[in-house]
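With mmCIF, C-alpha atoms inside, this is upload.cif:
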data_my_file
loop_
_atom_site.label_atom_id
_atom_site.label_comp_id
_atom_site.auth_asym_id
_atom_site.auth_seq_id
_atom_site.Cartn_x
_atom_site.Cartn_y
_atom_site.Cartn_z
CA MET A 22 -18.88 -0.42 45.18
CA PRO A 23 -17.83 -3.53 47.13
CA VAL A 24 -19.60 -6.81 46.46
CA THR A 25 -20.12 -8.98 49.52
CA GLY A 26 -21.37 -12.16 47.87
CA PHE A 27 -19.71 -15.43 46.94
CA PHE A 28 -18.50 -14.22 43.53
CA ASP A 29 -17.88 -10.96 41.69
CA PRO A 30 -20.05 -10.57 38.57
CA PRO A 31 -18.30 -8.96 35.60
CA ALA A 32 -18.57 -5.17 35.54
CA ALA A 33 -19.00 -5.10 31.74
CA GLY A 34 -22.18 -3.86 30.11
CA ARG A 35 -22.62 -7.32 28.60
CA TYR A 36 -21.77 -10.47 30.52
CA ALA A 37 -23.11 -13.92 31.34
CA LEU A 38 -23.94 -16.03 34.36
CA ARG A 39 -23.07 -19.42 32.95
CA ARG A 40 -24.39 -22.86 33.91
CA VAL A 41 -26.96 -21.77 36.47
CA HIS A 42 -30.27 -23.20 37.66
CA VAL A 43 -33.50 -21.21 37.26
CA PRO A 44 -36.93 -22.50 38.43
CA ALA A 45 -39.03 -23.39 35.39
CA SER A 46 -42.01 -21.65 37.01
CA LEU A 47 -40.11 -18.34 36.95
CA LEU A 48 -39.11 -18.32 33.30
CA SER A 49 -41.28 -16.03 31.17
CA ASP A 50 -40.38 -17.85 27.94
CA PRO A 51 -40.11 -21.55 27.04
CA PRO A 52 -36.99 -23.01 28.69
CA PRO A 53 -33.93 -23.73 26.53
CA GLY A 54 -33.87 -27.31 27.82
CA PRO A 55 -35.77 -29.80 29.98
CA ALA A 56 -36.29 -29.20 33.69
CA ASP A 57 -34.90 -31.67 36.23
CA GLN A 58 -36.91 -33.55 38.88
CA ASP A 59 -37.12 -30.38 40.99
CA GLU A 60 -38.36 -28.34 38.01
CA LEU A 61 -35.07 -26.46 37.71
CA VAL A 62 -33.77 -25.47 34.27
CA PHE A 63 -30.03 -25.63 33.57
CA CYS A 64 -29.10 -22.59 31.49
CA ASP A 65 -26.89 -19.57 30.76
CA LEU A 66 -28.16 -16.05 31.45
CA VAL A 67 -26.80 -13.25 29.27
CA ILE A 68 -27.07 -9.77 30.83
CA GLU A 69 -26.82 -6.66 28.70
CA ASP A 70 -27.55 -3.01 29.48
CA GLY A 71 -29.39 -3.84 32.68
CA LYS A 72 -31.65 -6.48 31.14
CA VAL A 73 -31.65 -10.21 30.57
CA ALA A 74 -30.73 -10.39 26.88
CA GLU A 75 -30.95 -14.17 26.52
CA VAL A 76 -31.75 -17.37 28.38
CA ALA A 77 -29.61 -19.93 26.56
CA ALA A 78 -28.86 -23.61 26.92
CA ALA A 79 -26.30 -24.31 29.64
CA GLY A 80 -22.73 -24.10 28.36
CA SER A 81 -23.69 -22.57 25.02
CA VAL A 82 -22.37 -19.08 25.81
CA ALA A 83 -18.66 -18.34 25.35
CA ALA A 84 -16.62 -18.95 28.52
CA GLU A 85 -14.95 -15.54 28.35
CA LEU A 86 -18.33 -13.81 28.74
CA GLY A 87 -18.76 -14.74 32.38
CA PRO A 88 -18.17 -17.14 35.28
CA ASP A 89 -19.19 -20.79 35.42
CA LEU A 90 -21.42 -20.86 38.52
CA ASP A 91 -21.77 -24.65 38.66
CA ARG A 92 -25.59 -24.79 38.88
CA SER A 93 -26.03 -21.92 41.34
CA LEU A 94 -29.74 -21.20 41.80
CA VAL A 95 -30.77 -17.83 40.36
CA LEU A 96 -34.06 -16.21 41.39
CA PRO A 97 -35.73 -12.94 40.40
CA GLY A 98 -35.86 -10.14 42.94
CA MET A 99 -38.58 -10.82 45.50
CA LEU A 100 -41.70 -8.88 46.49
CA ASP A 101 -43.34 -8.43 49.88
CA ALA A 102 -47.09 -7.90 49.52
CA HIS A 103 -47.73 -7.32 53.24
CA ALA A 104 -45.37 -5.39 55.50
CA HIS A 105 -45.51 -2.84 58.34
CA LEU A 106 -42.47 -0.66 57.72
CA ASP A 107 -43.73 2.16 59.95
CA LYS A 108 -43.78 -0.12 63.02
CA GLY A 109 -40.35 -1.60 62.37
CA HIS A 110 -37.55 -1.85 64.91
CA ILE A 111 -39.37 -0.40 67.95
CA VAL A 112 -39.13 -3.63 69.95
CA PRO A 113 -36.35 -2.31 72.28
CA ARG A 114 -38.63 0.50 73.47
CA ALA A 115 -42.06 -1.20 73.12
CA ARG A 116 -41.81 -4.73 74.46
CA ASN A 117 -44.73 -7.13 74.13
CA GLN A 118 -45.12 -8.56 77.62
CA THR A 119 -47.33 -11.51 76.62
CA GLY A 120 -46.24 -12.28 73.06
CA ASP A 121 -49.79 -12.23 71.66
CA LEU A 122 -51.92 -9.80 69.66
CA LEU A 123 -53.40 -8.09 72.72
CA GLY A 124 -49.96 -7.62 74.23
CA ALA A 125 -48.69 -6.16 70.96
CA ALA A 126 -51.59 -3.72 70.65
CA ALA A 127 -51.25 -2.66 74.29
CA VAL A 128 -47.74 -1.28 73.76
CA THR A 129 -47.91 -0.20 70.11
CA GLY A 130 -50.70 2.36 70.63
CA PRO A 131 -48.94 4.32 73.37
CA ASP A 132 -45.63 4.16 71.50
CA ARG A 133 -47.27 5.52 68.34
CA ALA A 134 -49.03 8.31 70.23
CA SER A 135 -45.91 9.49 72.04
CA ARG A 136 -43.01 8.78 69.69
CA TRP A 137 -44.04 8.44 66.05
CA HIS A 138 -42.98 11.91 64.95
CA ALA A 139 -41.87 12.47 61.35
CA GLU A 140 -38.15 11.92 61.91
CA ASP A 141 -38.73 8.77 63.97
CA VAL A 142 -40.95 7.26 61.27
CA ARG A 143 -38.63 8.32 58.46
CA ARG A 144 -35.49 6.85 59.97
CA ARG A 145 -37.04 3.55 60.96
CA LEU A 146 -38.85 3.18 57.64
CA GLU A 147 -35.70 3.94 55.67
CA PHE A 148 -33.69 1.52 57.80
CA GLY A 149 -36.14 -1.18 56.76
CA LEU A 150 -35.82 -0.21 53.10
CA GLN A 151 -32.02 -0.34 53.26
CA THR A 152 -32.21 -3.84 54.70
CA ALA A 153 -34.80 -5.11 52.22
CA TYR A 154 -32.82 -3.71 49.28
CA ALA A 155 -29.66 -5.45 50.42
CA LYS A 156 -31.59 -8.73 50.66
CA GLY A 157 -32.85 -8.53 47.07
CA VAL A 158 -36.39 -7.24 47.66
CA VAL A 159 -37.61 -5.14 44.72
CA ALA A 160 -41.08 -4.06 45.91
CA ILE A 161 -43.01 -3.76 49.18
CA ARG A 162 -46.63 -3.06 49.97
CA THR A 163 -46.66 -1.67 53.47
CA HIS A 164 -49.57 -1.04 55.79
CA LEU A 165 -49.37 2.34 57.52
CA ASP A 166 -51.02 2.80 60.91
CA SER A 167 -53.93 5.10 60.06
CA LEU A 168 -55.69 5.95 63.32
CA ALA A 169 -55.93 9.75 63.46
CA PRO A 170 -53.88 11.88 63.81
CA GLN A 171 -51.01 9.59 62.67
CA PRO A 172 -51.68 9.75 58.88
CA ALA A 173 -50.95 13.49 58.84
CA THR A 174 -47.42 12.63 60.00
CA THR A 175 -46.74 9.29 58.32
CA PHE A 176 -48.24 9.78 54.86
CA PRO A 177 -46.02 12.74 53.83
CA VAL A 178 -42.94 10.89 55.08
CA PHE A 179 -43.93 7.78 53.13
CA LYS A 180 -44.64 9.75 49.97
CA LYS A 181 -41.21 11.40 50.05
CA LEU A 182 -39.41 8.09 50.64
CA ARG A 183 -41.41 6.41 47.88
CA ASP A 184 -40.09 9.00 45.44
CA GLU A 185 -36.53 8.74 46.75
CA TRP A 186 -36.48 4.94 46.55
CA ALA A 187 -38.11 4.61 43.13
CA GLY A 188 -36.01 2.28 40.99
CA LYS A 189 -34.59 0.54 44.07
CA VAL A 190 -37.60 -0.64 46.10
CA GLU A 191 -41.02 0.14 44.67
CA LEU A 192 -43.41 1.11 47.47
CA GLN A 193 -47.18 0.80 47.79
CA PRO A 194 -49.16 2.00 50.84
CA SER A 195 -52.24 0.48 52.46
CA THR A 196 -54.12 1.75 55.48
CA ILE A 197 -54.58 -0.26 58.67
CA CYS A 198 -56.99 0.77 61.41
CA PRO A 199 -59.94 -0.69 63.32
CA ILE A 200 -62.89 -1.18 60.96
CA ASP A 201 -65.35 0.95 62.91
CA ILE A 202 -63.35 4.05 62.00
CA PHE A 203 -65.23 3.83 58.70
CA LEU A 204 -68.50 4.39 60.51
CA THR A 205 -67.30 7.93 61.25
CA GLU A 206 -66.26 11.01 59.32
CA GLN A 207 -62.67 10.00 60.03
CA GLY A 208 -63.15 7.08 57.63
CA ARG A 209 -64.14 9.36 54.75
CA GLN A 210 -61.19 11.65 55.42
CA LEU A 211 -58.86 8.65 55.46
CA ALA A 212 -60.21 7.42 52.14
CA ASP A 213 -59.55 10.84 50.63
CA MET A 214 -55.97 10.74 51.92
CA VAL A 215 -55.48 7.28 50.42
CA ALA A 216 -56.77 8.47 47.06
CA ASP A 217 -54.39 11.43 47.22
CA ILE A 218 -51.34 9.31 48.02
CA GLY A 219 -52.24 6.58 45.53
CA GLY A 220 -52.74 3.71 47.95
CA ASN A 221 -55.04 0.89 48.94
CA LEU A 222 -57.90 1.21 51.42
CA GLY A 223 -57.88 -1.27 54.24
CA SER A 224 -58.51 -2.06 57.86
CA GLY A 225 -58.60 -4.95 60.26
CA THR A 226 -61.83 -6.79 60.93
CA ARG A 227 -61.74 -5.83 64.62
CA PHE A 228 -63.22 -2.78 66.34
CA VAL A 229 -61.38 -0.11 68.33
CA ALA A 230 -62.71 -1.31 71.68
CA PRO A 231 -63.08 -4.99 72.62
CA VAL A 232 -66.60 -6.28 72.00
CA SER A 233 -68.37 -9.44 73.09
CA SER A 234 -68.44 -10.89 69.56
CA LEU A 235 -65.58 -11.24 67.08
CA VAL A 236 -68.08 -10.22 64.39
CA PRO A 237 -70.25 -7.47 65.94
CA PRO A 238 -73.60 -6.54 64.36
CA GLU A 239 -72.11 -3.34 62.95
CA PHE A 240 -69.48 -5.24 60.94
CA ASP A 241 -71.55 -5.41 57.77
CA VAL A 242 -72.41 -1.72 58.01
CA ALA A 243 -68.75 -0.77 58.40
CA MET A 244 -67.64 -3.08 55.59
CA ASP A 245 -70.36 -1.70 53.33
CA ARG A 246 -69.01 1.78 54.04
CA ILE A 247 -65.47 0.70 53.08
CA PHE A 248 -66.73 -0.69 49.79
CA THR A 249 -68.62 2.53 49.08
CA LEU A 250 -65.63 4.75 49.85
CA ALA A 251 -63.40 2.58 47.65
CA GLU A 252 -65.86 2.55 44.77
CA GLU A 253 -66.31 6.32 44.86
CA ARG A 254 -62.54 6.84 44.63
CA GLY A 255 -61.53 3.88 42.45
CA LEU A 256 -59.49 2.27 45.23
CA ASP A 257 -58.52 -1.36 45.78
CA LEU A 258 -59.00 -3.02 49.17
CA ASP A 259 -56.28 -4.58 51.33
CA MET A 260 -57.68 -6.12 54.50
CA HIS A 261 -56.38 -7.83 57.64
CA VAL A 262 -58.97 -10.62 57.86
CA ASP A 263 -59.78 -13.03 60.71
CA GLU A 264 -56.35 -12.77 62.31
CA SER A 265 -57.51 -14.92 65.18
CA SER A 266 -57.31 -18.34 66.80
CA ASP A 267 -61.05 -18.26 67.43
CA VAL A 268 -63.36 -20.34 65.22
CA GLU A 269 -65.99 -17.60 65.54
CA ALA A 270 -63.88 -15.24 63.39
CA ARG A 271 -65.64 -15.69 60.04
CA THR A 272 -65.61 -12.34 58.26
CA LEU A 273 -63.84 -13.57 55.11
CA ILE A 274 -66.96 -15.14 53.63
CA ARG A 275 -68.99 -12.03 54.44
CA ILE A 276 -66.51 -9.79 52.65
CA ALA A 277 -66.50 -12.09 49.62
CA ARG A 278 -70.29 -12.27 49.41
CA MET A 279 -70.61 -8.51 49.82
CA ALA A 280 -68.11 -7.95 47.00
CA VAL A 281 -70.08 -10.23 44.68
CA LYS A 282 -73.41 -8.69 45.60
CA ARG A 283 -72.10 -5.19 44.91
CA GLY A 284 -70.27 -6.18 41.74
CA PHE A 285 -67.11 -4.61 43.20
CA LYS A 286 -64.70 -3.88 40.35
CA GLY A 287 -61.57 -3.28 42.42
CA ARG A 288 -59.06 -5.83 43.64
CA ILE A 289 -59.26 -7.31 47.14
CA LEU A 290 -56.28 -8.68 49.05
CA ALA A 291 -57.02 -10.66 52.22
CA GLY A 292 -54.15 -10.97 54.69
CA HIS A 293 -53.76 -13.55 57.46
CA THR A 294 -57.18 -15.37 57.37
CA CYS A 295 -55.84 -17.55 60.19
CA SER A 296 -59.15 -18.80 61.54
CA LEU A 297 -60.12 -20.30 58.18
CA ALA A 298 -57.94 -23.27 59.11
CA LEU A 299 -60.16 -23.95 62.15
CA GLN A 300 -63.47 -24.20 60.27
CA THR A 301 -65.36 -27.32 59.17
CA ASP A 302 -64.57 -28.76 55.75
CA GLU A 303 -67.99 -27.70 54.51
CA PHE A 304 -67.57 -24.09 55.63
CA ILE A 305 -64.04 -23.95 54.20
CA GLN A 306 -65.34 -25.09 50.82
CA GLU A 307 -68.18 -22.58 50.96
CA THR A 308 -65.78 -19.78 51.87
CA MET A 309 -63.28 -20.62 49.14
CA ASP A 310 -66.09 -20.75 46.56
CA ALA A 311 -67.25 -17.29 47.66
CA CYS A 312 -63.68 -15.95 47.45
CA LYS A 313 -63.25 -17.40 43.98
CA ASP A 314 -66.47 -15.70 42.87
CA ALA A 315 -65.24 -12.40 44.34
CA GLY A 316 -61.72 -12.69 42.87
CA ILE A 317 -60.06 -12.29 46.28
CA ASP A 318 -56.28 -12.73 46.48
CA PHE A 319 -54.50 -13.94 49.60
CA VAL A 320 -51.28 -13.18 51.42
CA SER A 321 -50.21 -15.46 54.25
CA LEU A 322 -47.72 -14.45 56.93
CA PRO A 323 -46.55 -17.82 58.30
CA ALA A 324 -43.70 -16.70 60.54
CA VAL A 325 -45.67 -13.96 62.30
CA ASN A 326 -48.88 -15.97 62.59
CA LEU A 327 -46.93 -18.87 64.06
CA TYR A 328 -45.43 -16.42 66.56
CA LEU A 329 -48.66 -14.68 67.64
CA GLN A 330 -51.54 -17.12 67.32
CA ALA A 331 -52.62 -19.48 70.10
CA ARG A 332 -49.85 -18.35 72.43
CA PRO A 333 -51.14 -19.57 75.83
CA THR A 334 -49.27 -17.15 78.07
CA LEU A 335 -50.37 -17.49 81.67
CA GLY A 336 -48.39 -14.66 83.25
CA GLY A 337 -46.41 -14.59 86.46
CA ASN A 338 -44.49 -17.73 87.32
CA ALA A 339 -47.07 -20.14 85.90
CA ALA A 340 -45.75 -22.79 83.56
CA ARG A 341 -46.02 -21.89 79.91
CA LYS A 342 -47.71 -24.25 77.46
CA THR A 343 -46.99 -25.34 73.92
CA PRO A 344 -49.49 -24.02 71.34
CA HIS A 345 -51.65 -26.67 69.73
CA TRP A 346 -51.74 -25.23 66.21
CA ARG A 347 -49.59 -23.20 63.84
CA GLY A 348 -51.89 -20.23 63.29
CA VAL A 349 -51.37 -20.41 59.52
CA THR A 350 -54.13 -20.31 56.92
CA LEU A 351 -54.88 -23.01 54.33
CA LEU A 352 -52.20 -22.23 51.77
CA HIS A 353 -52.42 -25.55 49.91
CA GLU A 354 -56.21 -25.59 49.77
CA LEU A 355 -56.55 -21.98 48.64
CA LYS A 356 -53.99 -22.45 45.89
CA ALA A 357 -55.57 -25.71 44.75
CA HIS A 358 -58.88 -23.85 44.54
CA GLY A 359 -57.39 -21.57 41.91
CA LEU A 360 -56.81 -18.57 44.19
CA ASN A 361 -53.66 -16.45 44.18
CA VAL A 362 -51.65 -17.08 47.35
CA ALA A 363 -48.62 -14.94 48.23
CA ILE A 364 -46.31 -15.15 51.24
CA GLY A 365 -45.47 -11.88 52.98
CA GLY A 366 -43.06 -10.70 55.62
CA ASP A 367 -45.48 -8.74 57.86
CA ASN A 368 -43.83 -7.28 60.97
CA VAL A 369 -40.11 -6.87 61.72
CA ARG A 370 -38.68 -6.26 65.17
CA ASP A 371 -41.81 -4.73 66.62
CA PRO A 372 -44.32 -5.85 69.28
CA PHE A 373 -46.19 -8.04 66.78
CA TYR A 374 -43.03 -9.96 65.84
CA GLY A 375 -39.78 -9.44 67.67
CA TYR A 376 -37.55 -10.78 64.92
CA GLY A 377 -37.10 -10.72 61.13
CA ASP A 378 -34.93 -8.76 58.72
CA HIS A 379 -37.12 -7.84 55.72
CA ASP A 380 -35.66 -10.87 53.94
CA MET A 381 -38.21 -12.48 51.65
CA LEU A 382 -35.91 -15.40 50.88
CA GLU A 383 -35.80 -16.17 54.60
CA ASN A 384 -39.58 -15.74 54.85
CA PHE A 385 -39.99 -18.23 52.02
CA THR A 386 -37.63 -20.67 53.72
CA GLN A 387 -39.61 -20.47 56.96
CA ALA A 388 -42.92 -20.82 55.14
CA VAL A 389 -41.77 -24.02 53.44
CA LYS A 390 -41.03 -25.58 56.82
CA ILE A 391 -44.05 -24.17 58.67
CA ALA A 392 -46.66 -24.97 56.02
CA HIS A 393 -45.06 -28.04 54.40
CA LEU A 394 -44.53 -26.44 51.02
CA ASP A 395 -42.31 -29.33 49.96
CA HIS A 396 -42.39 -33.02 48.99
CA PRO A 397 -42.62 -31.93 46.23
CA HIS A 398 -41.43 -28.32 46.24
CA ASP A 399 -43.69 -27.66 43.27
CA ASP A 400 -43.83 -23.95 42.28
CA TRP A 401 -44.24 -22.34 45.72
CA ILE A 402 -41.32 -20.02 44.98
CA THR A 403 -43.86 -18.04 42.93
CA ALA A 404 -45.50 -17.01 46.24
CA VAL A 405 -42.67 -14.51 46.84
CA THR A 406 -42.04 -13.58 43.21
CA SER A 407 -44.55 -13.75 40.35
CA VAL A 408 -47.72 -14.06 42.47
CA PRO A 409 -47.14 -10.91 44.57
CA ALA A 410 -46.02 -9.15 41.39
CA ALA A 411 -49.43 -9.95 39.89
CA ILE A 412 -51.28 -8.96 43.07
CA MET A 413 -49.39 -5.67 43.29
CA GLN A 414 -49.79 -5.09 39.54
CA LEU A 415 -46.05 -4.85 38.97
CA PRO A 416 -45.59 -7.06 35.88
CA GLN A 417 -41.98 -5.94 35.42
CA PHE A 418 -40.97 -8.07 38.41
CA GLY A 419 -41.20 -11.66 39.54
CA VAL A 420 -39.95 -13.68 36.55
CA ILE A 421 -36.79 -14.08 34.49
CA GLY A 422 -36.79 -13.79 30.70
CA ALA A 423 -35.31 -12.16 27.64
CA GLY A 424 -36.01 -8.45 27.54
CA ARG A 425 -36.89 -8.25 31.23
CA GLY A 426 -34.95 -6.32 33.86
CA ALA A 427 -31.91 -8.04 35.32
CA ASP A 428 -33.02 -7.84 38.97
CA LEU A 429 -31.71 -11.10 40.35
CA ILE A 430 -30.70 -12.98 43.47
CA VAL A 431 -27.82 -15.38 42.82
CA THR A 432 -27.29 -18.00 45.52
CA ARG A 433 -24.49 -20.45 46.07
CA ALA A 434 -27.11 -23.16 46.62
CA ARG A 435 -27.60 -25.46 43.62
CA ASP A 436 -31.06 -26.79 44.39
CA TRP A 437 -34.00 -26.44 46.77
CA HIS A 438 -32.42 -28.65 49.42
CA GLU A 439 -29.27 -26.57 49.64
CA LEU A 440 -31.26 -23.32 49.46
CA LEU A 441 -33.49 -24.30 52.38
CA ALA A 442 -30.82 -25.98 54.48
CA ARG A 443 -28.45 -23.05 54.87
CA PHE A 444 -29.07 -19.32 55.25
CA GLN A 445 -27.89 -17.67 52.03
CA ALA A 446 -25.83 -14.93 53.65
CA ASP A 447 -23.40 -14.80 50.73
CA ARG A 448 -26.00 -14.27 48.02
CA VAL A 449 -25.21 -11.85 45.21
CA VAL A 450 -27.93 -9.30 44.52
CA ILE A 451 -28.04 -7.83 41.01
CA ARG A 452 -30.14 -4.74 40.30
CA HIS A 453 -30.50 -3.36 36.78
CA GLY A 454 -27.69 -5.69 35.73
CA LYS A 455 -25.17 -4.55 38.35
CA ALA A 456 -24.19 -6.23 41.61
CA ILE A 457 -25.03 -4.10 44.66
CA ASP A 458 -23.40 -3.81 48.05
CA THR A 459 -25.32 -6.15 50.36
CA THR A 460 -23.84 -4.83 53.59
CA LEU A 461 -26.69 -4.42 56.07
CA PRO A 462 -27.30 -1.25 58.08
CA ASP A 463 -26.15 -1.45 61.70
CA TYR A 464 -28.89 -1.54 64.37
CA ARG A 465 -26.81 1.01 66.30
CA GLN A 466 -27.97 3.65 63.80
CA LEU A 467 -31.33 3.61 65.58
CA ASP A 468 -30.08 3.51 69.17
CA ASP A 469 -31.02 7.13 69.92
CA LEU A 470 -34.60 6.40 68.81
CA VAL A 471 -35.35 2.96 70.18
CA ARG A 472 -33.11 2.35 73.18
CA ILE A 473 -34.92 4.62 75.58
#
Target format structure tokens, applied to this file:
Amino acid sequence: MPVTGFFDPPAAGRYALRRVHVPASLLSDPPPGPADQDELVFCDLVIEDGKVAEVAAAGSVAAELGPDLDRSLVLPGMLDAHAHLDKGHIVPRARNQTGDLLGAAAVTGPDRASRWHAEDVRRRLEFGLQTAYAKGVVAIRTHLDSLAPQPATTFPVFKKLRDEWAGKVELQPSTICPIDIFLTEQGRQLADMVADIGGNLGSGTRFVAPVSSLVPPEFDVAMDRIFTLAEERGLDLDMHVDESSDVEARTLIRIARMAVKRGFKGRILAGHTCSLALQTDEFIQETMDACKDAGIDFVSLPAVNLYLQARPTLGGNAARKTPHWRGVTLLHELKAHGLNVAIGGDNVRDPFYGYGDHDMLENFTQAVKIAHLDHPHDDWITAVTSVPAAIMQLPQFGVIGAGRGADLIVTRARDWHELLARFQADRVVIRHGKAIDTTLPDYRQLDDLVRI
């Protein structure tokens, strides 16, 4: 199999990556030496039978065992805790005319109703998996559009692909639909389907039809119903929360308080939470306290939220305006409050985000620049590695250490500055100890589906 990266790892069953840098925050065992000012550890990695056999002091392993990589930065395979694989790559046939959430929803619904047959979903979903695998992604939690009758088509396709891709990209499903679906019999049926497929129960915090209030009176009733359905079936919750530029979007604190009041035993993942950044300091503190009490985890989608939120499109020939805020939640504050904060990829080449490539290293790079996750860099790399691994309950991923699987991304960059300055197109991706072909699938493979 051809290797397309900047070096060719040895093909032997036992070999070494010598004199490399590994972030101290991603080592599962005490480092073999001190970390530098950027918290990078200089070491040798010994790979044997698909696992990391040893993390040794730099230069201590025999030269004949493997290449000297001159401080190349090595990272574990990355995880995406919030994706939409079933929407992927439809942007040529479903163009968002305004660039905002309403414009995205306006074209996605009709496209789903008319074109999301089993083969269409399968091919687009698998295209996304091929791309993510080549980029070094080891696990994805994907939301699946769950407004009836779509689950009857999508869920069997997903289940088959999950089995086929096991050992390459681990897949977890979550539902996404308007929250008032759970006020109907359709909500119970959906919960049963989720339990059958082994997924997470979730929705947005919006209703099917536009209402006068961002938090309608029926919200608490619908959310209570979601909790009940999850408790009855032993399901975790995965919610799109307050994905809005409106300060009146304040459902996060209500979800947290409801979870505490009920004594909810499952896990809760809150995605987006954009409007939290627009609240008063007092309300932010109150909300974070409630989330800490409820044990809520967070996944932020900086690139997509930056793209969608506060886009003041005027239509016609009117002059466009620059948005006044970034649309991104309070990553620093949430993390400082002791809450788990992951960074996800969200949408790829669909009406909600016209770009992207399922590349979690690129998503991390963008997040650093969008949300100022630097000066110092600290341990934010955990937001795409060990933190989503914990959220997704996949402890085999996200860190590097003796006895753990050799699922690695080896970059030419030697430190954070080089990693973030230049796109790492020549990275080497190692899975189960072997370098994989990182050639990306050609967009032309989907032309008959999306270029209509």
Could you check the closest approach to A:Arg278 for each of A:Ala315, A:Leu168, A:Leu355, A:Ile111 and tell me which residue wins, using all atoms listed in the file? A:Ala315
List the residues selected by the PyMOL selection byres ((chain A and resi 215-222) around 9) in the file shown, writing them as a VMD selection string. chain A and resid 164 176 to 177 180 193 to 197 210 to 214 223 to 224 247 250 to 251 254 to 260
Grab the residues selected above and save them as an mmCIF file, in the coordinates of the input with C-alpha atoms.
data_model
loop_
_atom_site.group_PDB
_atom_site.id
_atom_site.type_symbol
_atom_site.label_atom_id
_atom_site.label_comp_id
_atom_site.auth_asym_id
_atom_site.auth_seq_id
_atom_site.Cartn_x
_atom_site.Cartn_y
_atom_site.Cartn_z
ATOM 1 C CA HIS A 164 -49.570 -1.040 55.790
ATOM 2 C CA PHE A 176 -48.240 9.780 54.860
ATOM 3 C CA PRO A 177 -46.020 12.740 53.830
ATOM 4 C CA LYS A 180 -44.640 9.750 49.970
ATOM 5 C CA GLN A 193 -47.180 0.800 47.790
ATOM 6 C CA PRO A 194 -49.160 2.000 50.840
ATOM 7 C CA SER A 195 -52.240 0.480 52.460
ATOM 8 C CA THR A 196 -54.120 1.750 55.480
ATOM 9 C CA ILE A 197 -54.580 -0.260 58.670
ATOM 10 C CA GLN A 210 -61.190 11.650 55.420
ATOM 11 C CA LEU A 211 -58.860 8.650 55.460
ATOM 12 C CA ALA A 212 -60.210 7.420 52.140
ATOM 13 C CA ASP A 213 -59.550 10.840 50.630
ATOM 14 C CA MET A 214 -55.970 10.740 51.920
ATOM 15 C CA GLY A 223 -57.880 -1.270 54.240
ATOM 16 C CA SER A 224 -58.510 -2.060 57.860
ATOM 17 C CA ILE A 247 -65.470 0.700 53.080
ATOM 18 C CA LEU A 250 -65.630 4.750 49.850
ATOM 19 C CA ALA A 251 -63.400 2.580 47.650
ATOM 20 C CA ARG A 254 -62.540 6.840 44.630
ATOM 21 C CA GLY A 255 -61.530 3.880 42.450
ATOM 22 C CA LEU A 256 -59.490 2.270 45.230
ATOM 23 C CA ASP A 257 -58.520 -1.360 45.780
ATOM 24 C CA LEU A 258 -59.000 -3.020 49.170
ATOM 25 C CA ASP A 259 -56.280 -4.580 51.330
ATOM 26 C CA MET A 260 -57.680 -6.120 54.500
#
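Among the candidates A:Ser81, A:Thr249, A:Thr432, A:Gln207, the residue lying nearest to A:Pro170 is A:Gln207 (atoms considered: all atoms listed in the file).
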Find the residues near A:Pro88: any atom within 8 Å, counting only C-alpha atoms, skip ones fewer than 3 places away on the same chain, and give them as a PDB file with C-alpha atoms, keeping the file's coordinate frame.
ATOM      1  CA  PRO A  30     -20.050 -10.570  38.570  1.00  0.00           C
ATOM      2  CA  ALA A  37     -23.110 -13.920  31.340  1.00  0.00           C
ATOM      3  CA  LEU A  38     -23.940 -16.030  34.360  1.00  0.00           C
ATOM      4  CA  ARG A  39     -23.070 -19.420  32.950  1.00  0.00           C
ATOM      5  CA  ALA A  84     -16.620 -18.950  28.520  1.00  0.00           C
ATOM      6  CA  GLU A  85     -14.950 -15.540  28.350  1.00  0.00           C
TER       7      GLU A  85
END
Carefully work through the PyMOL selection byres ((chain A and resi 469) around 12) for this structure and note down the residues it includes, as a CSV table (one decimal) with C-alpha atoms, in the coordinates of the input.
chain,number,residue,atom,x,y,z
A,111,ILE,CA,-39.4,-0.4,68.0
A,113,PRO,CA,-36.4,-2.3,72.3
A,114,ARG,CA,-38.6,0.5,73.5
A,140,GLU,CA,-38.2,11.9,61.9
A,141,ASP,CA,-38.7,8.8,64.0
A,144,ARG,CA,-35.5,6.8,60.0
A,145,ARG,CA,-37.0,3.6,61.0
A,464,TYR,CA,-28.9,-1.5,64.4
A,465,ARG,CA,-26.8,1.0,66.3
A,466,GLN,CA,-28.0,3.6,63.8
A,467,LEU,CA,-31.3,3.6,65.6
A,468,ASP,CA,-30.1,3.5,69.2
A,470,LEU,CA,-34.6,6.4,68.8
A,471,VAL,CA,-35.4,3.0,70.2
A,472,ARG,CA,-33.1,2.4,73.2
A,473,ILE,CA,-34.9,4.6,75.6
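Straight-line separation from atom CA of A:Asp263 to atom CA of A:Ala291: 9.2 Å.
Here the PyMOL selection byres ((chain A and resi 406) around 6) catches exactly these residues: Met99, Leu100, Thr403, Ala404, Val405, Ser407, Val408, Pro409 and Gly419 of chain A.
Nearest residue to A:His453 among A:Pro97, A:Pro323, A:Ala83, A:Leu299 is A:Pro97, counting all atoms listed in the file.
Note that atom CA of A:Ile68 and atom CA of A:Ala187 are 21.9 Å apart.
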Top pick for closest residue to A:Val67, considering A:Ile200, A:Val262, A:Ala423, A:Leu327 and counting only C-alpha atoms: A:Ala423
Report, in Å with one decimal, the straight-line distance from atom CA of A:Tyr328 to atom CA of A:Glu354. 22.0 Å
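Ranking A:Ser135, A:Glu69, A:Cys198, A:Val43 by their shortest atom-to-atom distance to A:Lys455, with all atoms listed in the file included, puts A:Glu69 first.
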